[in-house]
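Pasted below: entry.cif, mmCIF, C-alpha atoms.
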```
data_data
#
loop_
_atom_site.group_PDB
_atom_site.id
_atom_site.type_symbol
_atom_site.label_atom_id
_atom_site.label_comp_id
_atom_site.auth_asym_id
_atom_site.auth_seq_id
_atom_site.Cartn_x
_atom_site.Cartn_y
_atom_site.Cartn_z
ATOM 1 C CA MET A 26 -2.643 -21.825 1.246
ATOM 2 C CA PRO A 27 -5.537 -20.245 -0.702
ATOM 3 C CA ASP A 28 -7.374 -22.377 -3.264
ATOM 4 C CA ALA A 29 -5.787 -21.721 -6.661
ATOM 5 C CA ASN A 30 -9.136 -22.325 -8.387
ATOM 6 C CA GLU A 31 -11.018 -19.775 -6.301
ATOM 7 C CA GLY A 32 -11.652 -16.325 -7.765
ATOM 8 C CA LYS A 33 -9.288 -13.601 -6.612
ATOM 9 C CA VAL A 34 -11.959 -10.863 -6.417
ATOM 10 C CA PHE A 35 -15.756 -10.485 -6.240
ATOM 11 C CA LEU A 36 -16.075 -9.204 -9.816
ATOM 12 C CA ALA A 37 -15.660 -12.295 -11.980
ATOM 13 C CA GLU A 38 -15.923 -10.416 -15.287
ATOM 14 C CA VAL A 39 -13.230 -7.988 -14.202
ATOM 15 C CA GLU A 40 -10.936 -10.846 -13.217
ATOM 16 C CA ALA A 41 -11.598 -12.669 -16.499
ATOM 17 C CA ASN A 42 -10.792 -9.665 -18.696
ATOM 18 C CA PRO A 43 -7.250 -8.400 -18.080
ATOM 19 C CA GLN A 44 -6.152 -5.847 -20.680
ATOM 20 C CA PRO A 45 -2.661 -5.732 -22.235
ATOM 21 C CA GLY A 46 -0.162 -4.250 -19.827
ATOM 22 C CA PRO A 47 2.264 -5.045 -17.019
ATOM 23 C CA TYR A 48 -0.276 -6.500 -14.595
ATOM 24 C CA ALA A 49 -1.735 -8.880 -17.183
ATOM 25 C CA ASP A 50 1.841 -9.946 -17.944
ATOM 26 C CA ALA A 51 2.620 -10.411 -14.246
ATOM 27 C CA ILE A 52 -0.508 -12.513 -13.698
ATOM 28 C CA ALA A 53 0.291 -14.683 -16.717
ATOM 29 C CA ALA A 54 3.874 -15.182 -15.517
ATOM 30 C CA ALA A 55 2.708 -16.159 -12.019
ATOM 31 C CA LYS A 56 0.221 -18.653 -13.452
ATOM 32 C CA ARG A 57 2.884 -20.207 -15.694
ATOM 33 C CA ALA A 58 5.206 -20.548 -12.701
ATOM 34 C CA GLY A 59 2.457 -21.872 -10.437
ATOM 35 C CA THR A 60 3.109 -19.137 -7.873
ATOM 36 C CA GLU A 61 0.691 -16.989 -5.872
ATOM 37 C CA TYR A 62 0.143 -13.367 -6.748
ATOM 38 C CA TRP A 63 -1.696 -10.490 -5.116
ATOM 39 C CA GLY A 64 -5.361 -10.345 -6.181
ATOM 40 C CA ILE A 65 -5.166 -6.557 -6.506
ATOM 41 C CA TRP A 66 -3.305 -7.252 -9.752
ATOM 42 C CA ASN A 67 -6.593 -8.485 -11.250
ATOM 43 C CA ILE A 68 -8.362 -5.180 -10.698
ATOM 44 C CA LEU A 69 -5.304 -3.213 -11.829
ATOM 45 C CA ALA A 70 -5.047 -5.358 -14.974
ATOM 46 C CA PHE A 71 -8.667 -4.579 -15.898
ATOM 47 C CA ARG A 72 -7.863 -0.912 -16.561
ATOM 48 C CA PRO A 73 -4.081 -0.597 -17.123
ATOM 49 C CA GLN A 74 -4.181 3.134 -17.796
ATOM 50 C CA VAL A 75 -5.867 3.804 -14.455
ATOM 51 C CA ALA A 76 -3.415 1.405 -12.786
ATOM 52 C CA TYR A 77 -0.410 3.182 -14.294
ATOM 53 C CA HIS A 78 -1.391 6.599 -12.971
ATOM 54 C CA LEU A 79 -2.413 5.176 -9.589
ATOM 55 C CA CYS A 80 0.923 3.398 -9.226
ATOM 56 C CA GLU A 81 2.859 6.516 -10.247
ATOM 57 C CA LEU A 82 1.003 8.508 -7.563
ATOM 58 C CA SER A 83 1.609 5.723 -5.038
ATOM 59 C CA HIS A 84 5.313 5.589 -5.770
ATOM 60 C CA GLU A 85 5.728 9.344 -5.441
ATOM 61 C CA LEU A 86 3.879 9.477 -2.114
ATOM 62 C CA MET A 87 5.496 6.382 -0.608
ATOM 63 C CA PHE A 88 9.057 6.363 -1.990
ATOM 64 C CA GLU A 89 9.932 9.951 -2.892
ATOM 65 C CA GLN A 90 12.981 11.122 -0.923
ATOM 66 C CA ALA A 91 11.934 12.999 2.239
ATOM 67 C CA ALA A 92 12.809 13.350 5.913
ATOM 68 C CA ILE A 93 10.085 10.776 6.631
ATOM 69 C CA SER A 94 11.402 7.382 5.566
ATOM 70 C CA SER A 95 9.656 5.024 3.167
ATOM 71 C CA ALA A 96 9.695 2.497 6.025
ATOM 72 C CA LEU A 97 7.575 4.797 8.184
ATOM 73 C CA ARG A 98 5.258 5.613 5.290
ATOM 74 C CA GLU A 99 4.724 1.889 4.702
ATOM 75 C CA LEU A 100 4.070 1.472 8.431
ATOM 76 C CA ILE A 101 1.441 4.229 8.139
ATOM 77 C CA ALA A 102 -0.068 2.246 5.246
ATOM 78 C CA ALA A 103 -0.245 -0.929 7.343
ATOM 79 C CA TYR A 104 -1.518 0.934 10.428
ATOM 80 C CA THR A 105 -4.218 2.763 8.454
ATOM 81 C CA SER A 106 -5.257 -0.559 6.923
ATOM 82 C CA SER A 107 -5.456 -2.190 10.346
ATOM 83 C CA LEU A 108 -7.788 0.563 11.580
ATOM 84 C CA ASN A 109 -9.977 0.086 8.506
ATOM 85 C CA GLY A 110 -10.058 -3.692 8.937
ATOM 86 C CA CYS A 111 -8.470 -4.276 5.518
ATOM 87 C CA GLU A 112 -6.503 -7.447 6.185
ATOM 88 C CA PHE A 113 -5.051 -7.704 2.698
ATOM 89 C CA CYS A 114 -3.494 -4.217 2.755
ATOM 90 C CA MET A 115 -2.454 -4.587 6.389
ATOM 91 C CA ASN A 116 -0.555 -7.815 5.699
ATOM 92 C CA ALA A 117 0.869 -6.644 2.382
ATOM 93 C CA HIS A 118 2.259 -3.375 3.693
ATOM 94 C CA ALA A 119 3.312 -4.803 7.034
ATOM 95 C CA SER A 120 5.504 -7.063 4.912
ATOM 96 C CA VAL A 121 6.919 -4.119 2.944
ATOM 97 C CA ALA A 122 7.538 -2.160 6.159
ATOM 98 C CA SER A 123 9.172 -5.200 7.792
ATOM 99 C CA HIS A 124 11.653 -5.472 4.917
ATOM 100 C CA LEU A 125 12.409 -1.745 4.975
ATOM 101 C CA TYR A 126 12.867 -1.624 8.764
ATOM 102 C CA GLY A 127 14.587 -5.005 8.900
ATOM 103 C CA ASP A 128 12.417 -5.672 11.948
ATOM 104 C CA ARG A 129 9.191 -7.653 11.552
ATOM 105 C CA ASP A 130 8.596 -7.786 15.320
ATOM 106 C CA LEU A 131 8.593 -3.994 15.588
ATOM 107 C CA VAL A 132 6.083 -3.596 12.758
ATOM 108 C CA TRP A 133 3.643 -6.135 14.170
ATOM 109 C CA SER A 134 3.991 -4.780 17.708
ATOM 110 C CA VAL A 135 2.829 -1.390 16.372
ATOM 111 C CA LEU A 136 -0.153 -2.987 14.656
ATOM 112 C CA ARG A 137 -1.108 -4.894 17.798
ATOM 113 C CA ASP A 138 -0.715 -1.943 20.196
ATOM 114 C CA LEU A 139 0.910 1.303 19.125
ATOM 115 C CA GLU A 140 1.369 2.726 22.616
ATOM 116 C CA SER A 141 3.157 -0.293 24.108
ATOM 117 C CA SER A 142 5.392 -0.807 21.046
ATOM 118 C CA ALA A 143 9.089 0.111 20.920
ATOM 119 C CA LEU A 144 8.503 2.634 18.112
ATOM 120 C CA ALA A 145 10.158 6.004 18.753
ATOM 121 C CA GLU A 146 7.866 8.552 20.435
ATOM 122 C CA LYS A 147 8.302 10.974 17.522
ATOM 123 C CA ASP A 148 7.004 8.307 15.134
ATOM 124 C CA LYS A 149 4.156 7.356 17.469
ATOM 125 C CA ALA A 150 2.966 10.968 17.340
ATOM 126 C CA LEU A 151 2.710 10.713 13.561
ATOM 127 C CA LEU A 152 0.787 7.429 13.747
ATOM 128 C CA ARG A 153 -1.608 8.863 16.339
ATOM 129 C CA PHE A 154 -2.280 11.693 13.910
ATOM 130 C CA THR A 155 -2.848 9.377 10.933
ATOM 131 C CA GLY A 156 -5.094 7.241 13.134
ATOM 132 C CA LYS A 157 -7.232 10.289 13.898
ATOM 133 C CA LEU A 158 -7.170 11.286 10.230
ATOM 134 C CA THR A 159 -8.484 7.820 9.329
ATOM 135 C CA LEU A 160 -11.160 7.503 11.993
ATOM 136 C CA ASP A 161 -12.260 11.123 12.511
ATOM 137 C CA SER A 162 -10.929 13.230 9.645
ATOM 138 C CA GLY A 163 -13.491 16.001 10.145
ATOM 139 C CA SER A 164 -12.051 16.833 13.556
ATOM 140 C CA ILE A 165 -8.477 17.511 12.355
ATOM 141 C CA ALA A 166 -7.429 21.017 13.371
ATOM 142 C CA GLN A 167 -4.337 23.210 13.352
ATOM 143 C CA ALA A 168 -3.613 21.993 16.883
ATOM 144 C CA ASP A 169 -3.052 18.480 15.531
ATOM 145 C CA ILE A 170 -0.423 19.778 13.118
ATOM 146 C CA ASP A 171 1.193 21.825 15.877
ATOM 147 C CA ILE A 172 1.585 18.670 17.997
ATOM 148 C CA LEU A 173 3.526 17.056 15.142
ATOM 149 C CA LYS A 174 5.788 20.081 14.801
ATOM 150 C CA VAL A 175 6.546 20.009 18.523
ATOM 151 C CA ALA A 176 7.396 16.304 18.143
ATOM 152 C CA GLY A 177 9.995 17.266 15.532
ATOM 153 C CA TRP A 178 8.245 16.788 12.176
ATOM 154 C CA ASP A 179 8.636 19.340 9.387
ATOM 155 C CA GLU A 180 5.782 20.247 7.057
ATOM 156 C CA THR A 181 7.135 18.243 4.123
ATOM 157 C CA SER A 182 7.145 15.092 6.245
ATOM 158 C CA ILE A 183 3.620 15.844 7.479
ATOM 159 C CA PHE A 184 2.548 16.311 3.851
ATOM 160 C CA TYR A 185 3.848 12.833 2.955
ATOM 161 C CA ALA A 186 2.311 11.263 6.068
ATOM 162 C CA ILE A 187 -1.087 12.740 5.154
ATOM 163 C CA GLY A 188 -0.578 11.522 1.592
ATOM 164 C CA ALA A 189 0.255 7.968 2.701
ATOM 165 C CA CYS A 190 -2.731 7.869 5.036
ATOM 166 C CA ALA A 191 -5.133 9.260 2.428
ATOM 167 C CA LEU A 192 -3.784 6.917 -0.236
ATOM 168 C CA PHE A 193 -4.383 3.857 1.886
ATOM 169 C CA ASN A 194 -7.821 4.958 2.946
ATOM 170 C CA PHE A 195 -8.503 4.819 -0.808
ATOM 171 C CA TYR A 196 -6.707 1.492 -1.320
ATOM 172 C CA ASN A 197 -8.517 -0.097 1.633
ATOM 173 C CA ARG A 198 -11.881 0.669 0.087
ATOM 174 C CA PHE A 199 -10.713 -0.272 -3.408
ATOM 175 C CA VAL A 200 -9.430 -3.631 -2.145
ATOM 176 C CA SER A 201 -12.276 -4.421 0.263
ATOM 177 C CA GLY A 202 -14.998 -3.363 -2.180
ATOM 178 C CA ASN A 203 -13.519 -5.588 -4.877
ATOM 179 C CA GLY A 204 -13.111 -8.473 -2.440
ATOM 180 C CA VAL A 205 -9.354 -8.993 -2.851
ATOM 181 C CA LYS A 206 -8.514 -12.157 -0.937
ATOM 182 C CA LEU A 207 -5.618 -12.938 1.355
ATOM 183 C CA VAL A 208 -2.633 -14.932 0.102
ATOM 184 C CA SER A 209 -0.236 -17.108 2.059
ATOM 185 C CA GLU A 210 2.271 -15.647 4.502
ATOM 186 C CA GLU A 211 5.056 -16.697 2.139
ATOM 187 C CA ALA A 212 3.465 -14.831 -0.774
ATOM 188 C CA PHE A 213 3.011 -11.702 1.337
ATOM 189 C CA ARG A 214 6.660 -11.962 2.377
ATOM 190 C CA ASN A 215 8.027 -12.497 -1.139
ATOM 191 C CA LEU A 216 5.928 -9.857 -2.867
ATOM 192 C CA GLY A 217 6.539 -7.418 0.002
ATOM 193 C CA GLU A 218 10.267 -7.856 -0.453
ATOM 194 C CA ARG A 219 9.949 -6.951 -4.138
ATOM 195 C CA MET A 220 7.954 -3.802 -3.369
ATOM 196 C CA ALA A 221 10.466 -2.792 -0.697
ATOM 197 C CA ARG A 222 13.184 -2.964 -3.374
ATOM 198 C CA VAL A 223 11.494 -1.360 -6.366
ATOM 199 C CA GLY A 224 8.417 0.439 -5.062
ATOM 200 C CA TYR A 225 5.118 0.742 -6.913
ATOM 201 C CA ARG A 226 6.185 1.644 -10.432
ATOM 202 C CA ARG A 227 5.479 -0.580 -13.416
ATOM 203 C CA GLU A 228 6.151 0.056 -17.094
ATOM 204 C CA GLN A 229 3.569 1.928 -19.138
ATOM 205 C CA PRO A 230 0.754 -0.113 -20.719
ATOM 206 C CA PRO A 231 0.918 -0.270 -24.547
ATOM 207 C CA ASN A 232 -1.729 2.408 -25.180
ATOM 208 C CA LEU A 233 0.058 4.980 -22.997
ATOM 209 C CA ALA A 234 3.461 4.103 -24.448
ATOM 210 C CA LYS A 235 2.101 4.720 -27.964
ATOM 211 C CA GLU A 236 0.668 8.088 -26.936
ATOM 212 C CA ALA A 237 4.000 9.079 -25.366
ATOM 213 C CA ASN A 238 5.867 8.129 -28.556
ATOM 214 C CA ARG A 239 3.453 10.152 -30.700
ATOM 215 C CA GLY A 240 4.022 13.162 -28.429
#
```
Would you give me this structure, written as C-alpha cells?
Amino acid sequence: MPDANEGKVFLAEVEANPQPGPYADAIAAAKRAGTEYWGIWNILAFRPQVAYHLCELSHELMFEQAAISSALRELIAAYTSSLNGCEFCMNAHASVASHLYGDRDLVWSVLRDLESSALAEKDKALLRFTGKLTLDSGSIAQADIDILKVAGWDETSIFYAIGACALFNFYNRFVSGNGVKLVSEEAFRNLGERMARVGYRREQPPNLAKEANRG
C-alpha cells in the first residue's frame, strides 16, 4: 500500500493548495475516513473550474449514448494509456472497463496482447486504429477509416473512439507530467467501480455555480 505521508504529485504547492469545490471536498472526506484516493484529484482540486469543464468533456466523450459502448471506450482509454506507459491511467481505466464488461480477465488480456485476446475482431480493429492514432497520428489516412467501416463501425462510433483516444493521450501527459502516483489494487478497484456507475461528472465548483445563478 502506498505511503500515506508521501506526496501524491510532483508539484507540492499544487497539492497543498486545493481550492473550494468537489475535488477538495472528496480529498477531505477520504482523509477523514483514512481511505486512499486517486492523486489526480489533487491536480483537479487546484483549479476546480478547469476540472469541471474537463470532466464534463470526459463524461460526454466516454459515457454519451452511442453504438460504441462505454465499456469499449474505457478499454480504449486503458489501451491508449498502456501504449503511453501511463500506469496510473492504465490501471484506473482497466478497472472501470472491467466493471463495465464484468470481465477483468478479458480487459487485462487485451492490455497484455491485443491480438491473442478473446476480444471480438470488430473491436480489435478499433483498438488497432487507436493504437496507430496514439503512436503515429501523422500517418492516419482515409484508408484507416475505411478499414473501420468495413469492420462494421459507423462514423459516430469512430468519432467517439477518436475522442476517447485523444482524451487519454491528454490525460496520460497530464498525469505523468504531474507525477500522479499509483494507489493500491483495492483503491483502483473501488474507485473504478464508482466511475463505472456514475461516470466523470462532479457538481459545479462554487464560483461556477454563482455565475450560473446570476445568469
Name the residues that the PyMOL selection byres ((chain A and resi 149-165) around 12) pulls out of this structure, and write them as a VMD selection string. chain A and resid 93 97 to 110 135 to 136 138 to 148 166 to 180 182 to 195 197
Could you state which residues are captured by the PyMOL selection byres ((chain A and resi 210) around 10) in this file, as a list in words?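 On the file shown, the PyMOL selection byres ((chain A and resi 210) around 10) covers Met26, Asn116, Ala117, Ser120, Leu207, Val208, Ser209, Glu211, Ala212, Phe213, Arg214 and Asn215 of chain A.
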For A:Glu228, which residue out of A:Arg137, A:Lys206, A:Arg198, A:His78 is the nearest one, using all atoms listed in the file? A:His78
May I ask for the distance between atom CA of A:Gly202 and atom CA of A:Cys111, given in Å to one decimal place?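 Atom CA of A:Cys111 lies at a distance of 10.1 Å from atom CA of A:Gly202.
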Let me make sure I understand: among A:Val200, A:Ala70, A:Leu82, A:Ala53, which one has the smallest atom-to-atom distance to A:Glu38 if we use all atoms listed in the file? A:Ala70
Can you measure atom CA of A:Glu89 to atom CA of A:Ser201 for me? One decimal in Å is fine.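 A separation of 26.6 Å between them.
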Go through the shown structure with the PyMOL selection byres ((chain A and resi 126) around 12) and write out the matching residues as a ChimeraX atom specification. /A:94-100,118-125,127-133,144,218,221
Would you work out the distance separating atom CA of A:Pro47 from atom CA of A:Met115, expressed in Å to one decimal?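 Calculated distance between atom CA of A:Pro47 and atom CA of A:Met115 is 23.9 Å.
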Looking at all atoms listed in the file, which of A:Gln44, A:Gly217, A:Glu61, A:Ser134 is the one that sits closest to A:Val75? A:Gln44
As a PDB file, in the frame of the given file, could you write out stretch 70-102 of chain A once it has been completed with N, CA and C atoms?
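Generated file (out30.pdb):
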```pdb
ATOM      1  N   ALA A  70      -5.181  -4.893 -13.589  1.00  0.00           N
ATOM      2  CA  ALA A  70      -5.047  -5.358 -14.974  1.00  0.00           C
ATOM      3  C   ALA A  70      -6.272  -5.022 -15.812  1.00  0.00           C
ATOM      4  N   PHE A  71      -7.427  -4.850 -15.172  1.00  0.00           N
ATOM      5  CA  PHE A  71      -8.667  -4.579 -15.898  1.00  0.00           C
ATOM      6  C   PHE A  71      -8.627  -3.217 -16.596  1.00  0.00           C
ATOM      7  N   ARG A  72      -7.996  -2.242 -15.971  1.00  0.00           N
ATOM      8  CA  ARG A  72      -7.863  -0.912 -16.561  1.00  0.00           C
ATOM      9  C   ARG A  72      -6.417  -0.438 -16.378  1.00  0.00           C
ATOM     10  N   PRO A  73      -5.521  -0.874 -17.282  1.00  0.00           N
ATOM     11  CA  PRO A  73      -4.081  -0.597 -17.123  1.00  0.00           C
ATOM     12  C   PRO A  73      -3.725   0.880 -17.084  1.00  0.00           C
ATOM     13  N   GLN A  74      -4.491   1.706 -17.800  1.00  0.00           N
ATOM     14  CA  GLN A  74      -4.181   3.134 -17.796  1.00  0.00           C
ATOM     15  C   GLN A  74      -4.453   3.737 -16.425  1.00  0.00           C
ATOM     16  N   VAL A  75      -5.567   3.358 -15.821  1.00  0.00           N
ATOM     17  CA  VAL A  75      -5.867   3.804 -14.455  1.00  0.00           C
ATOM     18  C   VAL A  75      -4.782   3.296 -13.508  1.00  0.00           C
ATOM     19  N   ALA A  76      -4.421   2.018 -13.658  1.00  0.00           N
ATOM     20  CA  ALA A  76      -3.415   1.405 -12.786  1.00  0.00           C
ATOM     21  C   ALA A  76      -2.085   2.136 -12.884  1.00  0.00           C
ATOM     22  N   TYR A  77      -1.693   2.502 -14.101  1.00  0.00           N
ATOM     23  CA  TYR A  77      -0.410   3.182 -14.294  1.00  0.00           C
ATOM     24  C   TYR A  77      -0.362   4.490 -13.512  1.00  0.00           C
ATOM     25  N   HIS A  78      -1.395   5.297 -13.659  1.00  0.00           N
ATOM     26  CA  HIS A  78      -1.391   6.599 -12.971  1.00  0.00           C
ATOM     27  C   HIS A  78      -1.510   6.424 -11.457  1.00  0.00           C
ATOM     28  N   LEU A  79      -2.292   5.450 -11.015  1.00  0.00           N
ATOM     29  CA  LEU A  79      -2.413   5.176  -9.589  1.00  0.00           C
ATOM     30  C   LEU A  79      -1.074   4.743  -9.007  1.00  0.00           C
ATOM     31  N   CYS A  80      -0.367   3.893  -9.732  1.00  0.00           N
ATOM     32  CA  CYS A  80       0.923   3.398  -9.226  1.00  0.00           C
ATOM     33  C   CYS A  80       1.992   4.491  -9.251  1.00  0.00           C
ATOM     34  N   GLU A  81       1.928   5.374 -10.239  1.00  0.00           N
ATOM     35  CA  GLU A  81       2.859   6.516 -10.247  1.00  0.00           C
ATOM     36  C   GLU A  81       2.614   7.411  -9.031  1.00  0.00           C
ATOM     37  N   LEU A  82       1.346   7.715  -8.749  1.00  0.00           N
ATOM     38  CA  LEU A  82       1.003   8.508  -7.563  1.00  0.00           C
ATOM     39  C   LEU A  82       1.482   7.799  -6.298  1.00  0.00           C
ATOM     40  N   SER A  83       1.227   6.494  -6.223  1.00  0.00           N
ATOM     41  CA  SER A  83       1.609   5.723  -5.038  1.00  0.00           C
ATOM     42  C   SER A  83       3.113   5.756  -4.830  1.00  0.00           C
ATOM     43  N   HIS A  84       3.860   5.596  -5.899  1.00  0.00           N
ATOM     44  CA  HIS A  84       5.313   5.589  -5.770  1.00  0.00           C
ATOM     45  C   HIS A  84       5.824   6.949  -5.288  1.00  0.00           C
ATOM     46  N   GLU A  85       5.291   8.005  -5.850  1.00  0.00           N
ATOM     47  CA  GLU A  85       5.728   9.344  -5.441  1.00  0.00           C
ATOM     48  C   GLU A  85       5.430   9.595  -3.966  1.00  0.00           C
ATOM     49  N   LEU A  86       4.243   9.223  -3.511  1.00  0.00           N
ATOM     50  CA  LEU A  86       3.879   9.477  -2.114  1.00  0.00           C
ATOM     51  C   LEU A  86       4.634   8.577  -1.141  1.00  0.00           C
ATOM     52  N   MET A  87       4.934   7.359  -1.544  1.00  0.00           N
ATOM     53  CA  MET A  87       5.496   6.382  -0.608  1.00  0.00           C
ATOM     54  C   MET A  87       7.018   6.261  -0.679  1.00  0.00           C
ATOM     55  N   PHE A  88       7.627   6.595  -1.835  1.00  0.00           N
ATOM     56  CA  PHE A  88       9.057   6.363  -1.990  1.00  0.00           C
ATOM     57  C   PHE A  88       9.864   7.593  -2.384  1.00  0.00           C
ATOM     58  N   GLU A  89       9.195   8.720  -2.612  1.00  0.00           N
ATOM     59  CA  GLU A  89       9.932   9.951  -2.892  1.00  0.00           C
ATOM     60  C   GLU A  89      10.824  10.293  -1.701  1.00  0.00           C
ATOM     61  N   GLN A  90      12.041  10.773  -1.992  1.00  0.00           N
ATOM     62  CA  GLN A  90      12.981  11.122  -0.923  1.00  0.00           C
ATOM     63  C   GLN A  90      12.408  12.229  -0.032  1.00  0.00           C
ATOM     64  N   ALA A  91      12.430  12.013   1.277  1.00  0.00           N
ATOM     65  CA  ALA A  91      11.934  12.999   2.239  1.00  0.00           C
ATOM     66  C   ALA A  91      12.490  12.659   3.616  1.00  0.00           C
ATOM     67  N   ALA A  92      12.323  13.594   4.554  1.00  0.00           N
ATOM     68  CA  ALA A  92      12.809  13.350   5.913  1.00  0.00           C
ATOM     69  C   ALA A  92      12.070  12.191   6.566  1.00  0.00           C
ATOM     70  N   ILE A  93      10.836  11.933   6.144  1.00  0.00           N
ATOM     71  CA  ILE A  93      10.085  10.776   6.631  1.00  0.00           C
ATOM     72  C   ILE A  93      10.438   9.584   5.740  1.00  0.00           C
ATOM     73  N   SER A  94      10.908   8.524   6.331  1.00  0.00           N
ATOM     74  CA  SER A  94      11.402   7.382   5.566  1.00  0.00           C
ATOM     75  C   SER A  94      10.270   6.635   4.863  1.00  0.00           C
ATOM     76  N   SER A  95      10.630   5.907   3.811  1.00  0.00           N
ATOM     77  CA  SER A  95       9.656   5.024   3.167  1.00  0.00           C
ATOM     78  C   SER A  95       9.194   3.941   4.133  1.00  0.00           C
ATOM     79  N   ALA A  96      10.077   3.509   5.028  1.00  0.00           N
ATOM     80  CA  ALA A  96       9.695   2.497   6.025  1.00  0.00           C
ATOM     81  C   ALA A  96       8.543   3.001   6.880  1.00  0.00           C
ATOM     82  N   LEU A  97       8.635   4.247   7.341  1.00  0.00           N
ATOM     83  CA  LEU A  97       7.575   4.797   8.184  1.00  0.00           C
ATOM     84  C   LEU A  97       6.303   5.023   7.371  1.00  0.00           C
ATOM     85  N   ARG A  98       6.450   5.439   6.126  1.00  0.00           N
ATOM     86  CA  ARG A  98       5.258   5.613   5.290  1.00  0.00           C
ATOM     87  C   ARG A  98       4.562   4.273   5.054  1.00  0.00           C
ATOM     88  N   GLU A  99       5.333   3.214   4.863  1.00  0.00           N
ATOM     89  CA  GLU A  99       4.724   1.889   4.702  1.00  0.00           C
ATOM     90  C   GLU A  99       4.096   1.411   6.016  1.00  0.00           C
ATOM     91  N   LEU A 100       4.681   1.795   7.140  1.00  0.00           N
ATOM     92  CA  LEU A 100       4.070   1.472   8.431  1.00  0.00           C
ATOM     93  C   LEU A 100       2.745   2.226   8.583  1.00  0.00           C
ATOM     94  N   ILE A 101       2.703   3.480   8.142  1.00  0.00           N
ATOM     95  CA  ILE A 101       1.441   4.229   8.139  1.00  0.00           C
ATOM     96  C   ILE A 101       0.411   3.503   7.281  1.00  0.00           C
ATOM     97  N   ALA A 102       0.839   2.986   6.126  1.00  0.00           N
ATOM     98  CA  ALA A 102      -0.068   2.246   5.246  1.00  0.00           C
ATOM     99  C   ALA A 102      -0.649   1.033   5.971  1.00  0.00           C
TER     100      ALA A 102
END
```
